[in-house]
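Enquirer: Here you go, target13.cif (mmCIF, C-alpha atoms, pLDDT in the B column; chains and numbers go by the auth columns):
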```cif
data_structure
#
loop_
_atom_site.group_PDB
_atom_site.id
_atom_site.type_symbol
_atom_site.label_atom_id
_atom_site.label_comp_id
_atom_site.label_asym_id
_atom_site.label_seq_id
_atom_site.Cartn_x
_atom_site.Cartn_y
_atom_site.Cartn_z
_atom_site.B_iso_or_equiv
_atom_site.auth_seq_id
_atom_site.auth_asym_id
ATOM 1 C CA MET A 1 95.699 -29.280 154.563 46.00 1451 O
ATOM 2 C CA ALA A 2 92.356 -28.596 153.121 52.00 1452 O
ATOM 3 C CA SER A 3 90.331 -25.791 154.520 86.00 1453 O
ATOM 4 C CA ALA A 4 86.862 -24.413 154.089 93.00 1454 O
ATOM 5 C CA LEU A 5 85.418 -20.957 153.770 94.00 1455 O
ATOM 6 C CA ILE A 6 81.817 -20.526 154.825 95.00 1456 O
ATOM 7 C CA ASN A 7 79.623 -17.480 154.486 96.00 1457 O
ATOM 8 C CA VAL A 8 76.346 -17.544 156.399 96.00 1458 O
ATOM 9 C CA PRO A 9 74.663 -14.413 157.772 96.00 1459 O
ATOM 10 C CA LYS A 10 75.280 -14.085 161.520 95.00 1460 O
ATOM 11 C CA ARG A 11 71.762 -12.805 162.146 95.00 1461 O
ATOM 12 C CA ALA A 12 68.525 -13.231 160.280 96.00 1462 O
ATOM 13 C CA LYS A 13 64.844 -12.588 160.797 95.00 1463 O
ATOM 14 C CA ARG A 14 62.622 -15.626 161.248 95.00 1464 O
ATOM 15 C CA GLY A 15 61.377 -16.826 157.890 93.00 1465 O
ATOM 16 C CA GLU A 16 63.970 -14.860 155.941 95.00 1466 O
ATOM 17 C CA ILE A 17 65.566 -16.559 152.929 95.00 1467 O
ATOM 18 C CA ILE A 18 69.316 -16.570 153.431 96.00 1468 O
ATOM 19 C CA GLU A 19 72.146 -17.459 151.079 96.00 1469 O
ATOM 20 C CA VAL A 20 74.778 -19.959 152.178 96.00 1470 O
ATOM 21 C CA LYS A 21 78.129 -19.777 150.374 97.00 1471 O
ATOM 22 C CA THR A 22 80.755 -22.485 150.742 97.00 1472 O
ATOM 23 C CA LEU A 23 84.217 -22.978 149.354 96.00 1473 O
ATOM 24 C CA MET A 24 86.429 -25.984 149.966 95.00 1474 O
ATOM 25 C CA SER A 25 90.087 -25.885 149.106 94.00 1475 O
ATOM 26 C CA HIS A 26 90.700 -28.930 146.912 94.00 1476 O
ATOM 27 C CA ILE A 27 92.616 -29.691 143.716 92.00 1477 O
ATOM 28 C CA MET A 28 89.691 -31.552 142.038 94.00 1478 O
ATOM 29 C CA GLU A 29 92.061 -33.587 139.840 92.00 1479 O
ATOM 30 C CA THR A 30 89.886 -34.844 137.004 90.00 1480 O
ATOM 31 C CA GLY A 31 91.615 -38.125 136.238 89.00 1481 O
ATOM 32 C CA TYR A 32 91.767 -37.170 132.566 87.00 1482 O
ATOM 33 C CA ARG A 33 95.099 -35.373 132.622 87.00 1483 O
ATOM 34 C CA HIS A 34 98.443 -36.880 131.699 86.00 1484 O
ATOM 35 C CA THR A 35 101.966 -36.124 132.819 86.00 1485 O
ATOM 36 C CA ALA A 36 104.627 -35.297 130.228 85.00 1486 O
ATOM 37 C CA SER A 37 105.685 -38.963 130.301 87.00 1487 O
ATOM 38 C CA GLY A 38 102.169 -40.067 129.424 84.00 1488 O
ATOM 39 C CA GLU A 39 100.962 -41.437 132.761 88.00 1489 O
ATOM 40 C CA VAL A 40 97.404 -40.676 133.779 89.00 1490 O
ATOM 41 C CA VAL A 41 97.125 -38.511 136.879 90.00 1491 O
ATOM 42 C CA PRO A 42 94.697 -40.435 139.113 92.00 1492 O
ATOM 43 C CA ARG A 43 91.346 -38.876 139.896 93.00 1493 O
ATOM 44 C CA ASP A 44 91.158 -36.995 143.183 95.00 1494 O
ATOM 45 C CA ILE A 45 87.905 -35.073 143.594 95.00 1495 O
ATOM 46 C CA VAL A 46 85.330 -34.190 146.192 96.00 1496 O
ATOM 47 C CA THR A 47 82.384 -36.444 145.379 96.00 1497 O
ATOM 48 C CA SER A 48 79.750 -35.275 147.795 96.00 1498 O
ATOM 49 C CA PHE A 49 78.768 -32.273 149.841 97.00 1499 O
ATOM 50 C CA VAL A 50 76.108 -32.132 152.535 97.00 1500 O
ATOM 51 C CA CYS A 51 74.742 -29.269 154.614 97.00 1501 O
ATOM 52 C CA ARG A 52 72.733 -29.848 157.789 96.00 1502 O
ATOM 53 C CA TYR A 53 70.821 -27.177 159.671 96.00 1503 O
ATOM 54 C CA ASN A 54 70.434 -28.156 163.329 95.00 1504 O
ATOM 55 C CA GLY A 55 71.001 -31.764 162.348 94.00 1505 O
ATOM 56 C CA VAL A 56 68.497 -31.843 159.483 94.00 1506 O
ATOM 57 C CA GLU A 57 69.842 -32.241 155.964 95.00 1507 O
ATOM 58 C CA ILE A 58 68.856 -29.194 153.905 96.00 1508 O
ATOM 59 C CA PHE A 59 71.169 -29.476 150.909 97.00 1509 O
ATOM 60 C CA ARG A 60 73.200 -32.192 149.243 96.00 1510 O
ATOM 61 C CA ALA A 61 75.276 -32.282 146.079 97.00 1511 O
ATOM 62 C CA ASP A 62 76.990 -34.993 144.030 96.00 1512 O
ATOM 63 C CA LEU A 63 80.074 -33.558 142.395 96.00 1513 O
ATOM 64 C CA PHE A 64 81.867 -34.755 139.272 95.00 1514 O
ATOM 65 C CA PRO A 65 85.254 -33.921 137.700 94.00 1515 O
ATOM 66 C CA ALA A 66 83.496 -31.143 135.777 94.00 1516 O
ATOM 67 C CA ILE A 67 83.350 -29.081 138.982 95.00 1517 O
ATOM 68 C CA ALA A 68 86.209 -26.586 139.057 95.00 1518 O
ATOM 69 C CA ALA A 69 89.076 -26.776 141.547 94.00 1519 O
ATOM 70 C CA ASN A 70 88.236 -25.454 145.023 95.00 1520 O
ATOM 71 C CA PRO A 71 84.540 -26.315 144.737 96.00 1521 O
ATOM 72 C CA PHE A 72 82.413 -23.257 145.377 97.00 1522 O
ATOM 73 C CA ILE A 73 78.765 -23.985 146.046 97.00 1523 O
ATOM 74 C CA THR A 74 76.036 -21.586 147.060 97.00 1524 O
ATOM 75 C CA PHE A 75 72.412 -22.269 147.861 97.00 1525 O
ATOM 76 C CA PHE A 76 69.518 -20.822 149.824 96.00 1526 O
ATOM 77 C CA THR A 77 67.566 -21.805 152.878 96.00 1527 O
ATOM 78 C CA VAL A 78 64.909 -20.343 155.166 95.00 1528 O
ATOM 79 C CA ALA A 79 66.140 -19.163 158.567 95.00 1529 O
ATOM 80 C CA THR A 80 63.793 -21.011 160.910 94.00 1530 O
ATOM 81 C CA GLU A 81 65.557 -20.987 164.263 94.00 1531 O
ATOM 82 C CA SER A 82 68.876 -20.129 165.865 96.00 1532 O
ATOM 83 C CA GLY A 83 71.439 -22.847 165.653 96.00 1533 O
ATOM 84 C CA LYS A 84 74.208 -24.364 163.668 96.00 1534 O
ATOM 85 C CA PHE A 85 74.953 -25.252 160.063 96.00 1535 O
ATOM 86 C CA ASP A 86 77.185 -28.283 159.636 96.00 1536 O
ATOM 87 C CA PHE A 87 78.971 -28.835 156.354 97.00 1537 O
ATOM 88 C CA GLU A 88 80.629 -32.019 155.200 96.00 1538 O
ATOM 89 C CA TRP A 89 82.739 -32.771 152.146 96.00 1539 O
ATOM 90 C CA ILE A 90 83.659 -36.321 151.182 96.00 1540 O
ATOM 91 C CA GLY A 91 85.978 -37.276 148.365 95.00 1541 O
ATOM 92 C CA ASP A 92 88.483 -39.657 146.802 95.00 1542 O
ATOM 93 C CA LYS A 93 91.498 -40.990 148.709 94.00 1543 O
ATOM 94 C CA GLY A 94 89.611 -40.825 152.008 94.00 1544 O
ATOM 95 C CA PHE A 95 89.066 -37.089 151.838 95.00 1545 O
ATOM 96 C CA ALA A 96 86.679 -35.918 154.567 95.00 1546 O
ATOM 97 C CA GLU A 97 86.343 -32.404 155.885 94.00 1547 O
ATOM 98 C CA THR A 98 83.786 -30.664 158.053 95.00 1548 O
ATOM 99 C CA ALA A 99 82.995 -27.086 158.912 95.00 1549 O
ATOM 100 C CA SER A 100 80.243 -25.312 160.775 95.00 1550 O
ATOM 101 C CA ALA A 101 78.675 -21.898 161.150 95.00 1551 O
ATOM 102 C CA SER A 102 76.159 -20.558 163.617 95.00 1552 O
ATOM 103 C CA ILE A 103 73.215 -18.268 163.085 96.00 1553 O
ATOM 104 C CA VAL A 104 71.010 -16.222 165.385 96.00 1554 O
ATOM 105 C CA VAL A 105 67.398 -16.005 164.263 95.00 1555 O
ATOM 106 C CA GLU A 106 65.298 -13.240 165.771 91.00 1556 O
ATOM 107 C CA MET B 1 61.516 -1.480 88.190 47.00 1282 X
ATOM 108 C CA ARG B 2 63.739 -0.433 91.081 52.00 1283 X
ATOM 109 C CA THR B 3 60.926 -0.552 93.603 51.00 1284 X
ATOM 110 C CA LEU B 4 59.882 -3.972 92.388 51.00 1285 X
ATOM 111 C CA GLU B 5 63.366 -5.328 92.882 52.00 1286 X
ATOM 112 C CA GLN B 6 63.529 -3.846 96.403 55.00 1287 X
ATOM 113 C CA THR B 7 60.261 -5.438 97.346 57.00 1288 X
ATOM 114 C CA SER B 8 61.346 -8.832 96.163 64.00 1289 X
ATOM 115 C CA ARG B 9 64.612 -8.546 98.036 62.00 1290 X
ATOM 116 C CA ARG B 10 62.760 -7.552 101.164 62.00 1291 X
ATOM 117 C CA ARG B 11 60.419 -10.471 100.707 61.00 1292 X
ATOM 118 C CA PHE B 12 63.321 -12.774 100.186 57.00 1293 X
ATOM 119 C CA LEU B 13 65.044 -11.545 103.355 56.00 1294 X
ATOM 120 C CA GLY B 14 61.843 -11.855 105.296 58.00 1295 X
ATOM 121 C CA PHE B 15 61.388 -15.384 104.084 54.00 1296 X
ATOM 122 C CA ALA B 16 65.031 -16.277 104.791 55.00 1297 X
ATOM 123 C CA GLY B 17 64.712 -14.809 108.276 57.00 1298 X
ATOM 124 C CA SER B 18 61.609 -16.763 109.141 54.00 1299 X
ATOM 125 C CA THR B 19 63.106 -20.038 107.930 51.00 1300 X
ATOM 126 C CA ALA B 20 66.227 -19.327 110.006 52.00 1301 X
ATOM 127 C CA VAL B 21 64.024 -18.867 113.080 48.00 1302 X
ATOM 128 C CA LEU B 22 62.149 -22.069 112.340 47.00 1303 X
ATOM 129 C CA GLY B 23 65.424 -23.890 111.886 48.00 1304 X
ATOM 130 C CA ALA B 24 66.727 -22.585 115.201 46.00 1305 X
ATOM 131 C CA ILE B 25 63.838 -23.942 117.294 44.00 1306 X
ATOM 132 C CA PRO B 26 64.917 -27.607 117.420 43.00 1307 X
ATOM 133 C CA ILE B 27 68.332 -26.483 118.688 42.00 1308 X
ATOM 134 C CA VAL B 28 66.877 -24.392 121.490 41.00 1309 X
ATOM 135 C CA THR B 29 64.329 -26.889 122.801 41.00 1310 X
ATOM 136 C CA VAL B 30 65.716 -29.740 124.853 42.00 1311 X
ATOM 137 C CA ARG B 31 64.612 -33.051 123.540 42.00 1312 X
ATOM 138 C CA PRO B 32 67.210 -35.487 124.858 39.00 1313 X
ATOM 139 C CA VAL B 33 66.141 -37.866 122.107 37.00 1314 X
ATOM 140 C CA GLU B 34 67.415 -35.470 119.468 38.00 1315 X
ATOM 141 C CA ALA B 35 70.856 -35.031 118.008 42.00 1316 X
ATOM 142 C CA THR B 36 72.686 -34.642 121.325 54.00 1317 X
ATOM 143 C CA PRO B 37 75.573 -37.089 121.764 77.00 1318 X
ATOM 144 C CA ALA B 38 74.607 -40.504 123.082 85.00 1319 X
ATOM 145 C CA MET B 39 76.443 -40.136 126.397 87.00 1320 X
ATOM 146 C CA LEU B 40 74.568 -36.970 127.254 90.00 1321 X
ATOM 147 C CA ALA B 41 71.254 -38.580 126.360 89.00 1322 X
ATOM 148 C CA THR B 42 72.091 -41.642 128.465 91.00 1323 X
ATOM 149 C CA ALA B 43 73.115 -39.536 131.461 92.00 1324 X
ATOM 150 C CA ILE B 44 69.853 -37.614 131.247 93.00 1325 X
ATOM 151 C CA ARG B 45 67.842 -40.847 130.906 92.00 1326 X
ATOM 152 C CA ASN B 46 69.546 -42.183 134.044 92.00 1327 X
ATOM 153 C CA VAL B 47 68.092 -39.272 135.981 92.00 1328 X
ATOM 154 C CA VAL B 48 64.683 -38.720 134.408 92.00 1329 X
ATOM 155 C CA GLY B 49 63.880 -42.283 133.351 91.00 1330 X
ATOM 156 C CA GLU B 50 61.043 -42.374 130.857 89.00 1331 X
ATOM 157 C CA ALA B 51 59.473 -39.130 132.045 91.00 1332 X
ATOM 158 C CA PRO B 52 59.150 -36.317 129.503 93.00 1333 X
ATOM 159 C CA VAL B 53 61.457 -33.333 129.908 93.00 1334 X
ATOM 160 C CA ARG B 54 59.804 -30.014 129.144 93.00 1335 X
ATOM 161 C CA THR B 55 61.560 -26.778 128.342 94.00 1336 X
ATOM 162 C CA GLY B 56 60.947 -23.865 130.683 92.00 1337 X
ATOM 163 C CA LYS B 57 60.854 -22.816 134.337 93.00 1338 X
ATOM 164 C CA VAL B 58 64.605 -23.336 134.588 96.00 1339 X
ATOM 165 C CA LYS B 59 67.086 -20.511 134.100 96.00 1340 X
ATOM 166 C CA LEU B 60 70.691 -21.437 133.411 96.00 1341 X
ATOM 167 C CA ASP B 61 73.150 -18.575 133.726 96.00 1342 X
ATOM 168 C CA VAL B 62 76.530 -19.221 132.157 95.00 1343 X
ATOM 169 C CA PRO B 63 78.596 -16.643 130.298 94.00 1344 X
ATOM 170 C CA PRO B 64 78.077 -17.277 126.554 91.00 1345 X
ATOM 171 C CA LEU B 65 81.754 -16.655 125.838 93.00 1346 X
ATOM 172 C CA VAL B 66 84.271 -18.194 128.228 91.00 1347 X
ATOM 173 C CA GLU B 67 87.971 -17.380 128.123 89.00 1348 X
ATOM 174 C CA ASN B 68 89.151 -19.999 130.585 90.00 1349 X
ATOM 175 C CA GLY B 69 87.287 -23.300 130.714 90.00 1350 X
ATOM 176 C CA ASN B 70 88.888 -24.198 134.038 92.00 1351 X
ATOM 177 C CA THR B 71 86.520 -22.045 136.070 93.00 1352 X
ATOM 178 C CA VAL B 72 83.206 -21.054 134.598 95.00 1353 X
ATOM 179 C CA PRO B 73 80.668 -19.525 136.977 96.00 1354 X
ATOM 180 C CA MET B 74 77.254 -21.102 136.644 96.00 1355 X
ATOM 181 C CA THR B 75 73.927 -20.340 138.302 97.00 1356 X
ATOM 182 C CA VAL B 76 70.788 -22.404 137.946 97.00 1357 X
ATOM 183 C CA SER B 77 67.508 -21.029 139.199 96.00 1358 X
ATOM 184 C CA VAL B 78 64.064 -22.533 138.949 96.00 1359 X
ATOM 185 C CA GLN B 79 60.854 -20.560 138.853 93.00 1360 X
ATOM 186 C CA ASN B 80 58.971 -22.092 141.747 92.00 1361 X
ATOM 187 C CA ALA B 81 57.125 -20.930 144.854 88.00 1362 X
ATOM 188 C CA MET B 82 58.990 -23.425 147.077 92.00 1363 X
ATOM 189 C CA THR B 83 56.018 -24.262 149.308 92.00 1364 X
ATOM 190 C CA ALA B 84 55.513 -27.488 151.246 90.00 1365 X
ATOM 191 C CA ASN B 85 53.429 -28.966 148.423 91.00 1366 X
ATOM 192 C CA ASP B 86 55.152 -27.501 145.398 93.00 1367 X
ATOM 193 C CA TYR B 87 58.926 -27.357 145.457 95.00 1368 X
ATOM 194 C CA VAL B 88 62.061 -28.271 143.547 96.00 1369 X
ATOM 195 C CA LYS B 89 63.453 -31.651 144.547 95.00 1370 X
ATOM 196 C CA SER B 90 66.694 -31.541 142.640 96.00 1371 X
ATOM 197 C CA ILE B 91 68.691 -29.808 139.946 96.00 1372 X
ATOM 198 C CA HIS B 92 70.908 -31.801 137.586 97.00 1373 X
ATOM 199 C CA VAL B 93 73.486 -30.272 135.290 96.00 1374 X
ATOM 200 C CA PHE B 94 74.908 -32.015 132.227 95.00 1375 X
ATOM 201 C CA ASN B 95 77.332 -31.155 129.467 93.00 1376 X
ATOM 202 C CA GLU B 96 77.897 -32.434 125.989 91.00 1377 X
ATOM 203 C CA LYS B 97 81.626 -32.650 125.311 89.00 1378 X
ATOM 204 C CA ASN B 98 83.542 -33.052 128.588 89.00 1379 X
ATOM 205 C CA PRO B 99 84.944 -36.566 129.096 89.00 1380 X
ATOM 206 C CA GLN B 100 81.988 -37.238 131.421 90.00 1381 X
ATOM 207 C CA PRO B 101 78.446 -36.004 130.753 92.00 1382 X
ATOM 208 C CA ASN B 102 77.625 -35.223 134.400 93.00 1383 X
ATOM 209 C CA VAL B 103 78.518 -31.927 136.022 95.00 1384 X
ATOM 210 C CA GLY B 104 76.646 -32.071 139.316 96.00 1385 X
ATOM 211 C CA ASN B 105 73.455 -33.121 141.071 97.00 1386 X
ATOM 212 C CA PHE B 106 72.032 -30.774 143.665 97.00 1387 X
ATOM 213 C CA TYR B 107 69.279 -31.868 146.038 97.00 1388 X
ATOM 214 C CA LEU B 108 67.045 -29.240 147.594 94.00 1389 X
ATOM 215 C CA GLY B 109 63.798 -29.343 149.489 90.00 1390 X
ATOM 216 C CA PRO B 110 60.807 -27.174 150.401 91.00 1391 X
ATOM 217 C CA HIS B 111 62.931 -25.503 153.119 89.00 1392 X
ATOM 218 C CA ALA B 112 65.293 -23.966 150.561 93.00 1393 X
ATOM 219 C CA GLY B 113 63.067 -20.921 150.128 93.00 1394 X
ATOM 220 C CA ARG B 114 64.556 -20.152 146.758 94.00 1395 X
ATOM 221 C CA ALA B 115 65.417 -22.771 144.136 95.00 1396 X
ATOM 222 C CA GLN B 116 68.773 -21.454 143.092 96.00 1397 X
ATOM 223 C CA ILE B 117 72.299 -22.843 143.191 97.00 1398 X
ATOM 224 C CA SER B 118 75.644 -21.524 142.010 97.00 1399 X
ATOM 225 C CA THR B 119 78.960 -23.204 141.449 97.00 1400 X
ATOM 226 C CA ARG B 120 81.985 -23.089 139.172 96.00 1401 X
ATOM 227 C CA ILE B 121 82.451 -25.690 136.487 95.00 1402 X
ATOM 228 C CA ARG B 122 85.002 -26.881 133.954 93.00 1403 X
ATOM 229 C CA LEU B 123 84.385 -26.995 130.228 92.00 1404 X
ATOM 230 C CA ALA B 124 86.631 -28.986 127.917 89.00 1405 X
ATOM 231 C CA ASP B 125 85.261 -27.482 124.726 87.00 1406 X
ATOM 232 C CA SER B 126 82.684 -25.138 123.274 90.00 1407 X
ATOM 233 C CA GLN B 127 79.498 -27.006 123.929 91.00 1408 X
ATOM 234 C CA LYS B 128 75.957 -27.248 125.140 92.00 1409 X
ATOM 235 C CA ILE B 129 75.078 -27.284 128.850 94.00 1410 X
ATOM 236 C CA VAL B 130 71.772 -28.669 130.050 95.00 1411 X
ATOM 237 C CA ALA B 131 70.168 -28.046 133.426 96.00 1412 X
ATOM 238 C CA ILE B 132 67.204 -30.192 134.470 96.00 1413 X
ATOM 239 C CA ALA B 133 65.031 -29.593 137.500 96.00 1414 X
ATOM 240 C CA ARG B 134 62.861 -32.211 139.161 96.00 1415 X
ATOM 241 C CA LEU B 135 59.821 -30.778 140.873 95.00 1416 X
ATOM 242 C CA SER B 136 57.881 -32.294 143.748 94.00 1417 X
ATOM 243 C CA ASP B 137 55.240 -33.624 141.323 93.00 1418 X
ATOM 244 C CA ASP B 138 58.083 -35.510 139.557 93.00 1419 X
ATOM 245 C CA SER B 139 57.842 -33.409 136.419 94.00 1420 X
ATOM 246 C CA PHE B 140 61.102 -32.440 134.733 96.00 1421 X
ATOM 247 C CA TRP B 141 61.948 -29.032 133.305 95.00 1422 X
ATOM 248 C CA SER B 142 65.057 -28.008 131.499 95.00 1423 X
ATOM 249 C CA ALA B 143 67.124 -25.191 130.046 96.00 1424 X
ATOM 250 C CA THR B 144 69.966 -25.381 127.549 95.00 1425 X
ATOM 251 C CA VAL B 145 72.760 -22.912 126.921 95.00 1426 X
ATOM 252 C CA ASP B 146 75.474 -22.951 124.267 94.00 1427 X
ATOM 253 C CA VAL B 147 78.864 -21.818 125.493 94.00 1428 X
ATOM 254 C CA VAL B 148 81.942 -20.902 123.463 94.00 1429 X
ATOM 255 C CA VAL B 149 85.190 -21.756 125.268 92.00 1430 X
ATOM 256 C CA THR B 150 88.537 -20.288 124.208 88.00 1431 X
ATOM 257 C CA LEU B 151 90.871 -22.141 126.588 82.00 1432 X
ATOM 258 C CA ALA B 152 89.766 -25.687 127.270 79.00 1433 X
ATOM 259 C CA ALA B 153 89.976 -27.442 130.636 74.00 1434 X
ATOM 260 C CA CYS B 154 90.558 -31.027 131.816 57.00 1435 X
ATOM 261 C CA THR B 155 92.846 -32.388 129.144 58.00 1436 X
ATOM 262 C CA GLU B 156 95.988 -30.281 129.363 61.00 1437 X
ATOM 263 C CA GLU B 157 99.295 -31.837 130.377 62.00 1438 X
ATOM 264 C CA VAL B 158 100.644 -31.670 133.898 61.00 1439 X
ATOM 265 C CA ILE B 159 104.211 -30.471 134.011 55.00 1440 X
#
```
Spit out the file's structure as structure tokens when you get a sec.

Expert:
Amino acid sequence: MASALINVPKRAKRGEIIEVKTLMSHIMETGYRHTASGEVVPRDIVTSFVCRYNGVEIFRADLFPAIAANPFITFFTVATESGKFDFEWIGDKGFAETASASIVVE
Amino acid sequence: MRTLEQTSRRRFLGFAGSTAVLGAIPIVTVRPVEATPAMLATAIRNVVGEAPVRTGKVKLDVPPLVENGNTVPMTVSVQNAMTANDYVKSIHVFNEKNPQPNVGNFYLGPHAGRAQISTRIRLADSQKIVAIARLSDDSFWSATVDVVVTLAACTEEVI
């Protein structure tokens, strides 16, 4: 089953810019490959990724087949208050995964 | 006689060099209207509409020589203060020769602190990659990088 790796600093100073690193285990089948017998391998990718910080959306991405397998996405945000980051990946064939990470802001 | 010949050769080289530089400029600047393939131009138009796309502010980091097109690290950063009134709304990445012109759309906001994203992409061929940033004043800025790929992605057979 799919699984996620999240890297968020455990502690940060208020107002500090922190980096959020995410990795979702997924094949990201492009839909442009063929089997030896010539059949097209159907597309199976993660199409969207969302990150919420204490319920507020801070980052969103639309992904295409040009994103490599096991989509790795990093971005930045300002540590405003202690709380939780919620991550959500949605994809083809009903793919839906979530993950979360907490942060303490001093 | 010898000195004269040297001077003329130097002049010739200088002239050839300057014309080469002049010739290179249209390739470096991103004008989606120019000789880029139609699909790439259409994909960019779908995002920017009729707004002009200016070169600058955006930095696109991709290795210039890629051995394996299946995973190519890419970082896009935009020179911006990221304040409440002046921030980067979104970053769009396009390519020229993959089956699809889109690579990814990334939506940020003033709370991002730093306008920078990283991911790993696939490249089916040696080609041009374009990153376009939309700022809060709805102006568009872009950067283009040419990448040489040795092993292509996307189209190989599955065994």

Enquirer: With distances taken over all atoms listed in the file, which residue among X:Asn1327, X:Gln1408, X:Gln1381, X:Ser1417 lies nearest X:Ala1362?

Expert: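 Smallest separation from X:Ala1362 among the options: X:Ser1417.
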
Enquirer: Where does chain X meet chain O within 6 Å, residue by residue, with the nearest atom pair and distance in Å to one decimal for each, counting all atoms listed in the file, listed by chain and rising number, as a Markdown table?

Expert:
```
| residue | atom | partner | partner_atom | distance |
| --- | --- | --- | --- | --- |
| X:Thr1352 | CA | O:Ala1518 | CA | 5.4 |
| X:Val1384 | CA | O:Ala1516 | CA | 5.0 |
| X:Gly1385 | CA | O:Leu1513 | CA | 4.8 |
| X:Asn1386 | CA | O:Asp1512 | CA | 5.0 |
| X:Phe1387 | CA | O:Ala1511 | CA | 4.3 |
| X:Tyr1388 | CA | O:Arg1510 | CA | 5.1 |
| X:Leu1389 | CA | O:Phe1509 | CA | 5.3 |
| X:His1392 | CA | O:Val1528 | CA | 5.9 |
| X:Ala1393 | CA | O:Thr1527 | CA | 3.9 |
| X:Gly1394 | CA | O:Thr1527 | CA | 5.3 |
| X:Arg1395 | CA | O:Phe1526 | CA | 5.9 |
| X:Ile1398 | CA | O:Phe1525 | CA | 4.7 |
| X:Ser1399 | CA | O:Thr1524 | CA | 5.1 |
| X:Thr1400 | CA | O:Ile1523 | CA | 4.7 |
| X:Arg1401 | CA | O:Ala1518 | CA | 5.5 |
| X:Ile1402 | CA | O:Ile1517 | CA | 4.3 |
| X:Arg1403 | CA | O:Ala1516 | CA | 4.9 |
| X:Thr1436 | CA | O:Arg1483 | CA | 5.1 |
| X:Glu1438 | CA | O:His1484 | CA | 5.3 |
| X:Val1439 | CA | O:Thr1485 | CA | 4.8 |
```

Enquirer: My list of candidates is O:Met1474, O:Phe1545, O:Ala1454, O:Pro1459. Which is closest to O:Gly1533 when distances are computed with only C-alpha atoms?

Expert: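 Smallest separation from O:Gly1533 among the options: O:Pro1459.
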
Enquirer: Report the residues retrieved by the PyMOL selection byres ((chain O and resi 1555) around 6) from the displayed file, expressed as a PDB file with C-alpha atoms, keeping the file's coordinate frame.

Expert:
```pdb
ATOM      1  CA  ARG O1461      71.762 -12.805 162.146  1.00 95.00           C
ATOM      2  CA  ALA O1462      68.525 -13.231 160.280  1.00 96.00           C
ATOM      3  CA  LYS O1463      64.844 -12.588 160.797  1.00 95.00           C
ATOM      4  CA  ARG O1464      62.622 -15.626 161.248  1.00 95.00           C
ATOM      5  CA  GLU O1531      65.557 -20.987 164.263  1.00 94.00           C
ATOM      6  CA  SER O1532      68.876 -20.129 165.865  1.00 96.00           C
ATOM      7  CA  VAL O1554      71.010 -16.222 165.385  1.00 96.00           C
ATOM      8  CA  GLU O1556      65.298 -13.240 165.771  1.00 91.00           C
TER       9      GLU O1556
END
```

Enquirer: Given the choices O:Met1478, O:Trp1539, O:Glu1547, O:Val1506, which gets closest to O:Pro1492 if the distance is worked out from only C-alpha atoms?

Expert: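 Selected residue with least distance to O:Pro1492: O:Met1478.
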
Enquirer: Which of these residues is nearest to X:Ala1414, using all atoms listed in the file: X:Ser1371, X:Gln1397, X:Gln1360, X:Asn1383?

Expert: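 Looking at the shortest contact to X:Ala1414, the residue is X:Ser1371.
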
Enquirer: For a test of reading the model, state the distance in Å between atom CA of X:Tyr1368 and atom CA of X:Phe1421, rounded to one decimal.

Expert: 12.1 Å

Enquirer: So, counting only C-alpha atoms, which residue among O:Cys1501, O:Ser1453, O:Lys1534, O:Ile1495 is closest to O:Ile1553?

Expert: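 The closest residue to O:Ile1553 is O:Lys1534.
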
Enquirer: When you count only C-alpha atoms, which of these residues is closest to X:Ala1396: X:Ala1365, X:Val1426, X:Leu1346, X:Val1357?

Expert: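 Using only C-alpha atoms, X:Ala1396 sits closest to X:Val1357.
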
Enquirer: Grab the atom CA of O:Glu1538 to atom CA of X:Gly1390 distance for me, in Å with one decimal place.

Expert: 18.0 Å

Enquirer: Please write the residues picked by the PyMOL selection byres ((chain X and resi 1343) around 7) on this file as a list in words.

Expert: Leu1341, Asp1342, Pro1344, Pro1345, Pro1354, Met1355 and Thr1356 of chain X

Enquirer: As an exercise, work out the distance from atom CA of O:Ser1550 to atom CA of O:Asp1536 in Å and give it to one decimal place.

Expert: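 So the two atoms, atom CA of O:Ser1550 and atom CA of O:Asp1536, lie 4.4 Å apart.
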
Enquirer: Got a sec to resolve the PyMOL selection byres ((chain X and resi 1318-1321) around 6) on this structure and send the residues as a list in words?

Expert: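 Evaluating the PyMOL selection byres ((chain X and resi 1318-1321) around 6) on this file yields Thr1317, Ala1322, Thr1323, Ala1324, Glu1377 and Pro1382 of chain X.
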
Enquirer: Using only the atoms of stretch 1511-1515 of chain O listed in the file, plus 8 Å on each side, state the axis-aligned box centre and edge lengths in Å rounded to one decimal, as JSON.

Expert:
```
{"center_x": 80.3, "center_y": -33.6, "center_z": 141.9, "size_x": 26.0, "size_y": 18.7, "size_z": 24.4}
```
